[in-house]
>>> print(open('final06.csv').read())   # CSV, C-alpha atoms
chain,number,residue,atom,x,y,z
A,1,MET,CA,-11.3,9.1,-12.3
A,2,LYS,CA,-8.9,9.2,-9.3
A,3,GLU,CA,-6.7,6.2,-9.3
A,4,ASN,CA,-3.4,5.7,-7.4
A,5,ILE,CA,-0.6,5.2,-9.9
A,6,LEU,CA,0.9,2.4,-7.7
A,7,ARG,CA,-2.4,0.7,-7.2
A,8,ALA,CA,-1.1,-2.6,-8.7
A,9,ASN,CA,1.7,-2.5,-6.1
A,10,ASP,CA,-0.5,-1.3,-3.3
A,11,ASP,CA,-3.1,-4.0,-3.7
A,12,VAL,CA,-0.4,-6.6,-3.1
A,13,ALA,CA,1.0,-4.6,-0.2
A,14,GLN,CA,-2.4,-4.5,1.5
A,15,SER,CA,-2.8,-8.2,1.1
A,16,ILE,CA,0.7,-8.7,2.8
A,17,ARG,CA,-0.3,-6.3,5.6
A,18,LYS,CA,-3.5,-8.2,6.2
A,19,ARG,CA,-1.6,-11.5,6.6
A,20,LEU,CA,1.0,-9.9,8.9
A,21,ASP,CA,-1.7,-8.4,11.0
A,22,ALA,CA,-3.6,-11.7,11.3
A,23,GLN,CA,-0.5,-13.3,12.9
A,24,GLY,CA,0.7,-10.2,14.8
A,25,THR,CA,4.0,-10.3,12.8
A,26,LEU,CA,5.9,-7.0,12.7
A,27,MET,CA,7.5,-6.0,9.4
A,28,ILE,CA,10.1,-3.3,9.2
A,29,ASN,CA,11.5,-1.9,6.0
A,30,ILE,CA,15.1,-0.6,6.4
A,31,ILE,CA,16.0,2.0,3.7
A,32,SER,CA,19.5,3.6,3.3
A,33,SER,CA,22.0,4.6,0.7
A,34,PRO,CA,24.6,2.0,-0.3
A,35,GLY,CA,27.3,1.5,2.3
A,36,ALA,CA,25.4,3.0,5.2
A,37,GLY,CA,25.8,-0.2,7.1
A,38,LYS,CA,22.5,-2.0,6.9
A,39,THR,CA,24.1,-5.5,6.7
A,40,ALA,CA,26.6,-4.7,9.5
A,41,PHE,CA,23.6,-3.5,11.5
A,42,LEU,CA,21.9,-6.9,10.9
A,43,GLU,CA,25.1,-8.8,11.8
A,44,ARG,CA,25.2,-6.8,15.0
A,45,THR,CA,21.5,-7.0,16.0
A,46,GLY,CA,20.7,-10.5,14.6
A,47,PRO,CA,22.5,-12.5,17.3
A,48,LEU,CA,21.0,-10.2,20.0
A,49,LEU,CA,17.5,-10.6,18.7
A,50,ARG,CA,18.1,-14.3,18.8
A,51,GLU,CA,19.3,-14.1,22.4
A,52,GLU,CA,16.1,-12.3,23.3
A,53,GLY,CA,14.1,-15.2,21.9
A,54,ILE,CA,12.7,-13.1,19.0
A,55,ALA,CA,11.8,-15.3,16.0
A,56,PHE,CA,12.8,-13.2,12.9
A,57,VAL,CA,13.6,-13.5,9.2
A,58,VAL,CA,15.6,-11.1,7.1
A,59,LEU,CA,14.5,-10.5,3.5
A,60,THR,CA,17.5,-8.9,1.8
A,61,GLY,CA,17.4,-7.2,-1.5
A,62,ASP,CA,20.4,-6.8,-3.8
A,63,CYS,CA,20.6,-6.0,-7.4
A,64,PHE,CA,23.0,-8.7,-8.4
A,65,THR,CA,25.0,-10.5,-5.7
A,66,SER,CA,24.0,-12.6,-2.8
A,67,ARG,CA,26.8,-11.2,-0.6
A,68,ASP,CA,24.6,-9.7,2.0
A,69,ALA,CA,22.7,-13.0,2.4
A,70,GLU,CA,26.0,-14.9,2.7
A,71,ARG,CA,27.2,-12.6,5.4
A,72,MET,CA,24.1,-13.3,7.5
A,73,ASP,CA,24.1,-17.0,6.6
A,74,ALA,CA,27.6,-17.2,8.0
A,75,LEU,CA,26.2,-16.1,11.4
A,76,GLY,CA,23.4,-18.6,11.1
A,77,LEU,CA,20.8,-15.9,10.8
A,78,PRO,CA,17.6,-16.8,8.9
A,79,VAL,CA,17.7,-14.9,5.6
A,80,VAL,CA,15.9,-15.0,2.3
A,81,GLN,CA,17.7,-13.4,-0.7
A,82,ILE,CA,15.7,-11.2,-3.1
A,83,ASN,CA,17.5,-10.4,-6.3
A,84,THR,CA,15.9,-7.3,-7.8
A,85,GLY,CA,17.8,-7.6,-11.1
A,86,ASN,CA,17.9,-4.2,-12.7
A,87,ALA,CA,15.3,-2.7,-10.4
A,88,CYS,CA,16.6,-0.2,-7.8
A,89,HIS,CA,14.1,-1.1,-5.1
A,90,ILE,CA,12.0,-3.9,-3.7
A,91,ASP,CA,8.3,-3.9,-4.6
A,92,ALA,CA,5.4,-5.6,-2.9
A,93,GLN,CA,5.3,-8.4,-5.5
A,94,LEU,CA,8.9,-9.4,-4.6
A,95,ILE,CA,8.1,-9.5,-0.9
A,96,ASP,CA,5.0,-11.5,-1.6
A,97,SER,CA,7.1,-14.2,-3.4
A,98,ALA,CA,9.9,-14.1,-0.7
A,99,MET,CA,7.3,-14.6,2.0
A,100,LYS,CA,6.0,-17.9,0.5
A,101,GLY,CA,8.3,-20.1,2.6
A,102,ILE,CA,7.8,-18.2,5.9
A,103,ASP,CA,5.6,-19.5,8.6
A,104,LEU,CA,4.1,-16.2,9.9
A,105,ALA,CA,2.5,-17.8,12.9
A,106,GLY,CA,6.0,-18.7,14.2
A,107,THR,CA,7.6,-15.3,13.2
A,108,ASP,CA,7.7,-12.2,15.4
A,109,LEU,CA,9.6,-10.0,13.1
A,110,ILE,CA,10.4,-9.7,9.4
A,111,VAL,CA,13.2,-7.3,8.5
A,112,VAL,CA,13.3,-6.1,4.9
A,113,GLU,CA,16.8,-4.9,4.0
A,114,ASN,CA,16.0,-2.8,1.0
A,115,VAL,CA,18.3,-2.1,-2.0
A,116,GLY,CA,20.8,0.6,-1.0
A,117,ASN,CA,19.1,3.7,-2.4
A,118,LEU,CA,17.4,6.6,-0.7
A,119,VAL,CA,15.1,7.5,-3.6
A,120,CYS,CA,13.1,4.7,-5.1
A,121,PRO,CA,12.5,2.3,-2.1
A,122,ALA,CA,10.8,5.1,-0.3
A,123,GLU,CA,8.1,5.2,-3.0
A,124,PHE,CA,6.9,1.6,-2.6
A,125,ASP,CA,4.6,0.3,0.0
A,126,LEU,CA,5.6,-3.3,0.9
A,127,GLY,CA,2.9,-3.9,3.5
A,128,GLU,CA,5.4,-3.1,6.2
A,129,ASP,CA,4.4,-1.7,9.6
A,130,MET,CA,7.1,1.0,9.4
A,131,LYS,CA,9.9,2.3,7.3
A,132,ILE,CA,13.3,2.9,9.0
A,133,ALA,CA,15.5,5.7,7.6
A,134,PHE,CA,19.0,4.3,8.1
A,135,LEU,CA,21.6,7.1,7.7
A,136,SER,CA,25.3,7.2,8.4
A,137,THR,CA,27.7,10.0,9.4
A,138,ALA,CA,30.0,9.4,6.4
A,139,GLU,CA,27.2,10.4,4.0
A,140,GLY,CA,27.1,14.0,5.4
A,141,HIS,CA,24.5,15.7,7.6
A,142,ASP,CA,22.4,17.1,4.7
A,143,LYS,CA,20.8,13.9,3.6
A,144,PRO,CA,17.5,14.2,5.5
A,145,SER,CA,16.7,17.5,3.7
A,146,LYS,CA,17.7,15.9,0.3
A,147,TYR,CA,15.5,12.8,0.7
A,148,PRO,CA,12.5,14.1,2.7
A,149,LEU,CA,9.9,11.4,1.6
A,150,LEU,CA,11.7,8.7,3.5
A,151,ILE,CA,12.1,10.9,6.6
A,152,GLU,CA,8.5,12.0,6.4
A,153,GLU,CA,7.2,8.4,6.2
A,154,GLY,CA,9.7,6.9,8.6
A,155,LYS,CA,9.0,6.0,12.2
A,156,LEU,CA,12.6,5.6,13.2
A,157,ALA,CA,15.8,7.3,11.9
A,158,ILE,CA,19.1,5.6,12.7
A,159,ILE,CA,22.3,7.5,12.4
A,160,ASN,CA,25.1,4.9,12.1
A,161,LYS,CA,28.9,5.2,12.2
A,162,THR,CA,29.0,7.6,15.2
A,163,ASP,CA,32.5,6.1,15.8
A,164,LEU,CA,33.7,8.2,12.8
A,165,LEU,CA,32.5,11.5,14.2
A,166,PRO,CA,36.0,12.6,15.4
A,167,TYR,CA,37.2,12.3,11.8
A,168,LEU,CA,34.3,13.9,10.0
A,169,ASP,CA,32.7,17.4,9.6
A,170,PHE,CA,29.4,15.8,10.3
A,171,ASP,CA,27.1,18.2,12.2
A,172,ALA,CA,25.0,15.8,14.3
A,173,GLN,CA,22.8,18.6,15.6
A,174,TYR,CA,22.0,19.9,12.2
A,175,CYS,CA,21.2,16.4,11.0
A,176,ARG,CA,18.8,15.7,13.9
A,177,GLU,CA,17.1,19.1,13.5
A,178,SER,CA,16.6,18.6,9.8
A,179,ILE,CA,15.0,15.2,10.4
A,180,LYS,CA,12.7,16.8,13.0
A,181,LYS,CA,11.8,19.7,10.7
A,182,VAL,CA,10.2,17.2,8.3
A,183,ASN,CA,8.9,14.7,10.9
A,184,PRO,CA,8.8,15.9,14.5
A,185,GLY,CA,7.3,12.6,15.6
A,186,ILE,CA,10.2,10.4,14.4
A,187,LYS,CA,12.5,8.7,16.9
A,188,ILE,CA,16.2,9.1,16.3
A,189,LEU,CA,18.8,6.6,17.4
A,190,GLU,CA,22.6,7.2,17.1
A,191,ILE,CA,24.6,4.0,16.8
A,192,SER,CA,27.9,2.5,15.8
A,193,CYS,CA,27.7,-1.0,14.4
A,194,ARG,CA,31.5,-1.1,14.6
A,195,THR,CA,31.7,-0.5,18.4
A,196,GLY,CA,28.2,-1.6,19.3
A,197,ASP,CA,27.4,1.8,20.8
A,198,GLY,CA,23.6,2.5,21.0
A,199,ILE,CA,22.7,-0.9,19.7
A,200,ASP,CA,20.9,-1.8,22.9
A,201,GLY,CA,18.6,1.2,22.3
A,202,PHE,CA,17.4,-0.4,19.1
A,203,ILE,CA,16.9,-3.8,20.7
A,204,ASP,CA,14.7,-2.2,23.5
A,205,TRP,CA,12.8,-0.2,20.9
A,206,ILE,CA,12.1,-3.2,18.6
A,207,LYS,CA,11.1,-5.4,21.5
A,208,ASP,CA,8.5,-2.8,22.4
A,209,GLU,CA,7.2,-2.5,18.8
A,210,ILE,CA,6.9,-6.3,18.6
A,211,LYS,CA,4.9,-6.3,21.8
A,212,ILE,CA,2.7,-3.5,20.6
A,213,LYS,CA,2.0,-5.3,17.4
A,214,LYS,CA,1.2,-8.6,19.1
A,215,GLU,CA,-1.2,-6.9,21.6
A,216,LYS,CA,-2.9,-5.0,18.9
A,217,ASN,CA,-3.7,-8.1,17.0
A,218,ALA,CA,-4.3,-10.5,19.9
B,1,MET,CA,14.9,4.5,-12.7
B,2,HIS,CA,11.8,3.7,-10.7
B,3,GLU,CA,9.9,5.7,-13.3
B,4,ILE,CA,9.9,2.5,-15.5
B,5,LYS,CA,8.1,0.7,-12.7
B,6,PHE,CA,5.6,3.5,-12.4
B,7,ALA,CA,5.0,3.4,-16.1
B,8,GLU,CA,4.3,-0.4,-15.9
B,9,ASN,CA,2.0,0.3,-12.9
B,10,ILE,CA,0.0,2.9,-14.9
B,11,VAL,CA,-0.5,0.4,-17.8
B,12,LYS,CA,-1.4,-2.4,-15.3
B,13,THR,CA,-4.0,-0.1,-13.6
B,14,LEU,CA,-5.5,1.1,-16.9
B,15,GLU,CA,-5.7,-2.1,-18.9
B,16,PRO,CA,-8.8,-3.4,-17.0
B,17,VAL,CA,-10.4,0.1,-17.3
B,18,VAL,CA,-10.1,0.3,-21.0
B,19,LYS,CA,-11.7,-3.1,-21.5
B,20,ASP,CA,-15.0,-1.2,-21.2
B,21,PRO,CA,-16.6,-1.4,-24.6
B,22,GLY,CA,-17.6,2.2,-24.3
B,23,ILE,CA,-14.0,3.4,-24.2
B,24,GLY,CA,-12.2,3.8,-27.5
B,25,ASN,CA,-8.6,4.6,-28.1
B,26,VAL,CA,-7.0,6.6,-25.2
B,27,LYS,CA,-5.4,9.8,-26.3
B,28,LYS,CA,-4.2,11.3,-23.1
B,29,ILE,CA,-3.5,10.0,-19.5
B,30,CYS,CA,-3.5,12.9,-17.0
B,31,LEU,CA,-1.3,12.3,-13.9
B,32,GLU,CA,-1.1,14.4,-10.7
B,33,VAL,CA,2.2,13.9,-8.9
B,34,GLY,CA,3.1,15.7,-5.7
B,35,LYS,CA,6.5,17.3,-5.3
B,36,MET,CA,7.4,14.9,-2.5
B,37,HIS,CA,7.7,12.1,-5.0
B,38,TYR,CA,10.9,11.7,-6.9
B,39,ILE,CA,9.6,11.8,-10.4
B,40,VAL,CA,11.4,13.1,-13.5
B,41,PRO,CA,8.5,13.6,-15.9
B,42,GLU,CA,10.7,13.1,-19.0
B,43,ILE,CA,12.0,9.8,-17.7
B,44,LEU,CA,8.4,8.7,-16.9
B,45,GLU,CA,7.4,9.6,-20.4
B,46,THR,CA,10.3,7.6,-21.9
B,47,GLY,CA,9.5,4.7,-19.6
B,48,PHE,CA,5.9,4.8,-20.6
B,49,LYS,CA,6.7,4.8,-24.3
B,50,GLY,CA,8.7,1.6,-23.8
B,51,THR,CA,6.1,-0.2,-21.8
B,52,PRO,CA,4.1,-2.9,-23.7
B,53,ARG,CA,0.4,-2.2,-23.7
B,54,SER,CA,-2.8,-3.1,-25.6
B,55,ARG,CA,-4.1,-1.4,-28.7
B,56,LYS,CA,-6.4,1.1,-26.9
B,57,LEU,CA,-3.5,2.5,-24.9
B,58,ARG,CA,-0.9,2.4,-27.6
B,59,ARG,CA,-1.2,6.0,-28.8
B,60,ALA,CA,-1.9,7.5,-25.4
B,61,GLU,CA,0.3,10.3,-24.2
B,62,LEU,CA,1.1,11.3,-20.6
B,63,GLU,CA,0.2,14.7,-19.2
B,64,ILE,CA,2.1,15.1,-15.9
B,65,LYS,CA,1.0,17.9,-13.5
B,66,VAL,CA,3.4,18.4,-10.6
B,67,LEU,CA,1.6,19.7,-7.5
B,68,PRO,CA,3.4,21.9,-4.9
B,69,LEU,CA,4.3,20.8,-1.4
B,70,LYS,CA,2.0,22.5,1.1
B,71,VAL,CA,1.6,22.1,4.9
B,72,ARG,CA,-1.2,23.3,7.2
B,73,CYS,CA,-0.6,24.0,10.9
B,74,ARG,CA,-2.9,22.0,13.2
B,75,ASN,CA,-2.5,24.8,15.8
B,76,CYS,CA,-3.3,28.0,13.9
B,77,SER,CA,-4.5,26.5,10.5
B,78,THR,CA,-2.1,28.6,8.5
B,79,GLU,CA,-1.3,26.9,5.2
B,80,ARG,CA,1.9,27.6,3.2
B,81,GLU,CA,4.0,26.2,0.5
B,82,VAL,CA,7.2,24.5,1.6
B,83,GLU,CA,10.4,25.5,-0.3
B,84,GLU,CA,13.2,24.5,2.1
B,85,MET,CA,12.6,21.1,3.8
B,86,ASP,CA,11.1,22.6,7.0
B,87,PHE,CA,7.5,21.7,7.7
B,88,THR,CA,7.4,23.9,10.9
B,89,CYS,CA,4.6,26.5,10.8
B,90,GLY,CA,5.9,29.8,9.6
B,91,SER,CA,3.2,31.7,11.4
B,92,CYS,CA,3.1,30.3,15.0
B,93,GLY,CA,6.3,28.2,15.0
B,94,LYS,CA,4.6,25.0,16.0
B,95,SER,CA,5.9,21.8,14.4
B,96,ASP,CA,2.5,20.0,14.4
B,97,THR,CA,1.6,20.4,10.7
B,98,GLU,CA,0.0,18.2,8.1
B,99,ILE,CA,0.8,17.8,4.4
B,100,THR,CA,-2.2,19.1,2.4
B,101,SER,CA,-0.5,18.9,-1.0
B,102,GLY,CA,2.6,17.2,-2.4
B,103,LYS,CA,2.0,13.5,-1.8
B,104,GLU,CA,-0.5,13.0,-4.7
B,105,PHE,CA,0.3,10.2,-7.0
B,106,THR,CA,-2.8,9.6,-9.1
B,107,ILE,CA,-4.1,9.1,-12.5
B,108,SER,CA,-6.7,11.9,-12.5
B,109,LYS,CA,-8.2,11.6,-15.9
B,110,ILE,CA,-8.1,9.7,-19.2
B,111,GLU,CA,-9.2,11.2,-22.5
B,112,TYR,CA,-10.4,8.8,-25.1
B,113,SER,CA,-12.5,8.6,-28.3
B,114,ASP,CA,-15.9,7.1,-28.2
B,115,ARG,CA,-16.4,3.8,-29.9
>>> encode(input="final06.csv", output="structure tokens")
Amino acid sequence: MKENILRANDDVAQSIRKRLDAQGTLMINIISSPGAGKTAFLERTGPLLREEGIAFVVLTGDCFTSRDAERMDALGLPVVQINTGNACHIDAQLIDSAMKGIDLAGTDLIVVENVGNLVCPAEFDLGEDMKIAFLSTAEGHDKPSKYPLLIEEGKLAIINKTDLLPYLDFDAQYCRESIKKVNPGIKILEISCRTGDGIDGFIDWIKDEIKIKKEKNA
Amino acid sequence: MHEIKFAENIVKTLEPVVKDPGIGNVKKICLEVGKMHYIVPEILETGFKGTPRSRKLRRAELEIKVLPLKVRCRNCSTEREVEEMDFTCGSCGKSDTEITSGKEFTISKIEYSDR
């Protein structure tokens, strides 16, 4: 026999992908270590996406609290909280349940804010269109080489907290090169959620991706 | 940590398979796991021992084979094992390579007694 170990998960992921494709809804899966700034990123980009007329929902995963969801709720951003309990990642079944109340026909974009962890979330297909590797300068420039699966599977790598560069020994060139050594096709964006630097680059990129998805499934 | 989830998935995948009346008690479950995956075999074994399962799977043991990470160059076809995380072709220097081994994540075989 030759059977995928994660078949039970992947079957659910495929069913999610089919539903998303049928409606032309784009799903991105943002994966980072804890504290890299995923929630700050959504607080920054959420209002801008709304200004652009993009209908989106955030599915946010947290082991215990609902703090991330509360932060987005405070900005009036549409959010569904996923409590993963003792699991260190979100799996397809959790996404399937969280999607139950979402009208896909009226949704351009679903953003999955995965549990902060560079290891486990990279292993699980959620039915997303793409994984985004979300790194930050404070973590050090060696993370791409240490967690290659996420980099290899990612379509976009974001390096956050560029405003801290003057205070850190972060070698940005080394970081970029080590990302490209594993995945030469990946796009890299350098941003600061604190100052807003580079955020427009992400907005332009996601608008294109939403358009591509809609056209592909029109 | 995610090994527990993998163990549950292995059981979930095999339960329908072992319903076959021709399959007796499963002795061994052989897994092939590529090096790109973050698996600690010992933790997976522990997780598997703690996962509830039906009678036919109860005495099964895991045999985990870790496969090396290899890339092949799309330009010059050179295949090599990757040690440091650099997938660039060592022969012609092009970065257009594909992974030929290292992302496997399969149940390759089960050994069981006949009924």
>>> residues_around(input="final06.csv", residues="Pro16 in chain B", least_positions_apart="5", cutoff="12 Å", atoms="only C-alpha atoms", output="PyMOL selection string")
(chain A and resi 8) or (chain B and resi 10-11+21+23+53-54+56-57)
>>> closest_residue(input="final06.csv", among="A:Leu42, A:Ile210, A:Ala87, A:Ala98", to="chain B", atoms="only C-alpha atoms")
A:Ala87
>>> closest_residue(input="final06.csv", among="A:Lys207, A:Arg71, A:His141, A:Lys180", to="chain B", atoms="all atoms listed in the file")
A:Lys180
>>> interface_residues(input="final06.csv", of="chain B", to="chain A", cutoff="12 Å", atoms="all atoms listed in the file", output="PyMOL selection string")
chain B and resi 1-17+29-40+44+64+69+71+82-90+93-99+102-111
>>> residues_around(input="final06.csv", residues="Pro47 in chain A", least_positions_apart="6", cutoff="9 Å", atoms="all atoms listed in the file", output="PyMOL selection string")
chain A and resi 75-77
>>> residues_near_point(input="final06.csv", point="(27.1, -0.7, 15.7)", cutoff="9 Å", atoms="only C-alpha atoms", output="list of chain:residue names")
A:Gly37, A:Ala40, A:Phe41, A:Arg44, A:Thr45, A:Asn160, A:Lys161, A:Thr162, A:Asp163, A:Ile191, A:Ser192, A:Cys193, A:Arg194, A:Thr195, A:Gly196, A:Asp197, A:Gly198, A:Ile199
>>> atom_distance(input="final06.csv", atom1="CA of Lys216 in chain A", atom2="CA of Ser32 in chain A")
28.6 Å
>>> closest_residue(input="final06.csv", among="A:Ala133, A:Asp62, A:Glu190, A:Asp11", to="Lys155 in chain A", atoms="only C-alpha atoms")
A:Ala133
>>> residues_around(input="final06.csv", residues="Asp108 in chain A", least_positions_apart="4", cutoff="12 Å", atoms="only C-alpha atoms", output="PyMOL selection string")
chain A and resi 20-21+23-28+49-50+52-58+102-104+206-214
>>> atom_distance(input="final06.csv", atom1="CA of Thr46 in chain B", atom2="CA of Ile151 in chain A")
28.7 Å
>>> build_atoms(input="final06.csv", residues="range 178-196 of chain A", atoms="N, CA, C and O atoms", output="PDB file, keeping the file's coordinate frame")
ATOM      1  N   SER A 178      17.247  18.686  11.080  1.00  0.00           N
ATOM      2  CA  SER A 178      16.600  18.600   9.800  1.00  0.00           C
ATOM      3  C   SER A 178      15.688  17.430   9.636  1.00  0.00           C
ATOM      4  O   SER A 178      14.723  17.464   8.881  1.00  0.00           O
ATOM      5  N   ILE A 179      15.957  16.385  10.408  1.00  0.00           N
ATOM      6  CA  ILE A 179      15.000  15.200  10.400  1.00  0.00           C
ATOM      7  C   ILE A 179      13.729  15.681  11.106  1.00  0.00           C
ATOM      8  O   ILE A 179      12.632  15.453  10.595  1.00  0.00           O
ATOM      9  N   LYS A 180      13.856  16.352  12.241  1.00  0.00           N
ATOM     10  CA  LYS A 180      12.700  16.800  13.000  1.00  0.00           C
ATOM     11  C   LYS A 180      11.865  17.856  12.304  1.00  0.00           C
ATOM     12  O   LYS A 180      10.671  17.989  12.545  1.00  0.00           O
ATOM     13  N   LYS A 181      12.520  18.643  11.444  1.00  0.00           N
ATOM     14  CA  LYS A 181      11.800  19.700  10.700  1.00  0.00           C
ATOM     15  C   LYS A 181      10.802  19.082   9.723  1.00  0.00           C
ATOM     16  O   LYS A 181       9.814  19.689   9.347  1.00  0.00           O
ATOM     17  N   VAL A 182      11.111  17.888   9.247  1.00  0.00           N
ATOM     18  CA  VAL A 182      10.200  17.200   8.300  1.00  0.00           C
ATOM     19  C   VAL A 182       9.273  16.267   9.060  1.00  0.00           C
ATOM     20  O   VAL A 182       8.116  16.112   8.705  1.00  0.00           O
ATOM     21  N   ASN A 183       9.766  15.638  10.105  1.00  0.00           N
ATOM     22  CA  ASN A 183       8.900  14.700  10.900  1.00  0.00           C
ATOM     23  C   ASN A 183       9.242  14.787  12.351  1.00  0.00           C
ATOM     24  O   ASN A 183      10.090  14.075  12.876  1.00  0.00           O
ATOM     25  N   PRO A 184       8.502  15.693  13.034  1.00  0.00           N
ATOM     26  CA  PRO A 184       8.800  15.900  14.500  1.00  0.00           C
ATOM     27  C   PRO A 184       8.524  14.687  15.329  1.00  0.00           C
ATOM     28  O   PRO A 184       9.076  14.575  16.421  1.00  0.00           O
ATOM     29  N   GLY A 185       7.705  13.769  14.833  1.00  0.00           N
ATOM     30  CA  GLY A 185       7.300  12.600  15.600  1.00  0.00           C
ATOM     31  C   GLY A 185       8.307  11.436  15.532  1.00  0.00           C
ATOM     32  O   GLY A 185       8.188  10.455  16.259  1.00  0.00           O
ATOM     33  N   ILE A 186       9.274  11.534  14.640  1.00  0.00           N
ATOM     34  CA  ILE A 186      10.200  10.400  14.400  1.00  0.00           C
ATOM     35  C   ILE A 186      11.153  10.208  15.530  1.00  0.00           C
ATOM     36  O   ILE A 186      11.589  11.177  16.158  1.00  0.00           O
ATOM     37  N   LYS A 187      11.459   8.952  15.826  1.00  0.00           N
ATOM     38  CA  LYS A 187      12.500   8.700  16.900  1.00  0.00           C
ATOM     39  C   LYS A 187      13.836   8.607  16.208  1.00  0.00           C
ATOM     40  O   LYS A 187      13.963   8.090  15.098  1.00  0.00           O
ATOM     41  N   ILE A 188      14.840   9.131  16.870  1.00  0.00           N
ATOM     42  CA  ILE A 188      16.200   9.100  16.300  1.00  0.00           C
ATOM     43  C   ILE A 188      17.121   8.305  17.239  1.00  0.00           C
ATOM     44  O   ILE A 188      17.130   8.539  18.447  1.00  0.00           O
ATOM     45  N   LEU A 189      17.836   7.371  16.659  1.00  0.00           N
ATOM     46  CA  LEU A 189      18.800   6.600  17.400  1.00  0.00           C
ATOM     47  C   LEU A 189      20.189   6.789  16.784  1.00  0.00           C
ATOM     48  O   LEU A 189      20.320   6.712  15.559  1.00  0.00           O
ATOM     49  N   GLU A 190      21.186   7.027  17.598  1.00  0.00           N
ATOM     50  CA  GLU A 190      22.600   7.200  17.100  1.00  0.00           C
ATOM     51  C   GLU A 190      23.350   5.940  17.514  1.00  0.00           C
ATOM     52  O   GLU A 190      23.378   5.610  18.691  1.00  0.00           O
ATOM     53  N   ILE A 191      23.938   5.272  16.548  1.00  0.00           N
ATOM     54  CA  ILE A 191      24.600   4.000  16.800  1.00  0.00           C
ATOM     55  C   ILE A 191      25.947   3.871  16.129  1.00  0.00           C
ATOM     56  O   ILE A 191      26.243   4.632  15.198  1.00  0.00           O
ATOM     57  N   SER A 192      26.688   2.898  16.556  1.00  0.00           N
ATOM     58  CA  SER A 192      27.900   2.500  15.800  1.00  0.00           C
ATOM     59  C   SER A 192      27.868   0.972  15.725  1.00  0.00           C
ATOM     60  O   SER A 192      27.968   0.295  16.747  1.00  0.00           O
ATOM     61  N   CYS A 193      27.727   0.464  14.525  1.00  0.00           N
ATOM     62  CA  CYS A 193      27.700  -1.000  14.400  1.00  0.00           C
ATOM     63  C   CYS A 193      29.138  -1.540  14.615  1.00  0.00           C
ATOM     64  O   CYS A 193      29.300  -2.706  14.940  1.00  0.00           O
ATOM     65  N   ARG A 194      30.133  -0.693  14.451  1.00  0.00           N
ATOM     66  CA  ARG A 194      31.500  -1.100  14.600  1.00  0.00           C
ATOM     67  C   ARG A 194      31.816  -1.346  16.115  1.00  0.00           C
ATOM     68  O   ARG A 194      32.376  -2.360  16.495  1.00  0.00           O
ATOM     69  N   THR A 195      31.408  -0.374  16.953  1.00  0.00           N
ATOM     70  CA  THR A 195      31.700  -0.500  18.400  1.00  0.00           C
ATOM     71  C   THR A 195      30.578  -1.092  19.185  1.00  0.00           C
ATOM     72  O   THR A 195      30.771  -1.536  20.308  1.00  0.00           O
ATOM     73  N   GLY A 196      29.372  -1.057  18.607  1.00  0.00           N
ATOM     74  CA  GLY A 196      28.200  -1.600  19.300  1.00  0.00           C
ATOM     75  C   GLY A 196      27.490  -0.486  20.135  1.00  0.00           C
ATOM     76  O   GLY A 196      26.447  -0.740  20.746  1.00  0.00           O
TER      77      GLY A 196
END
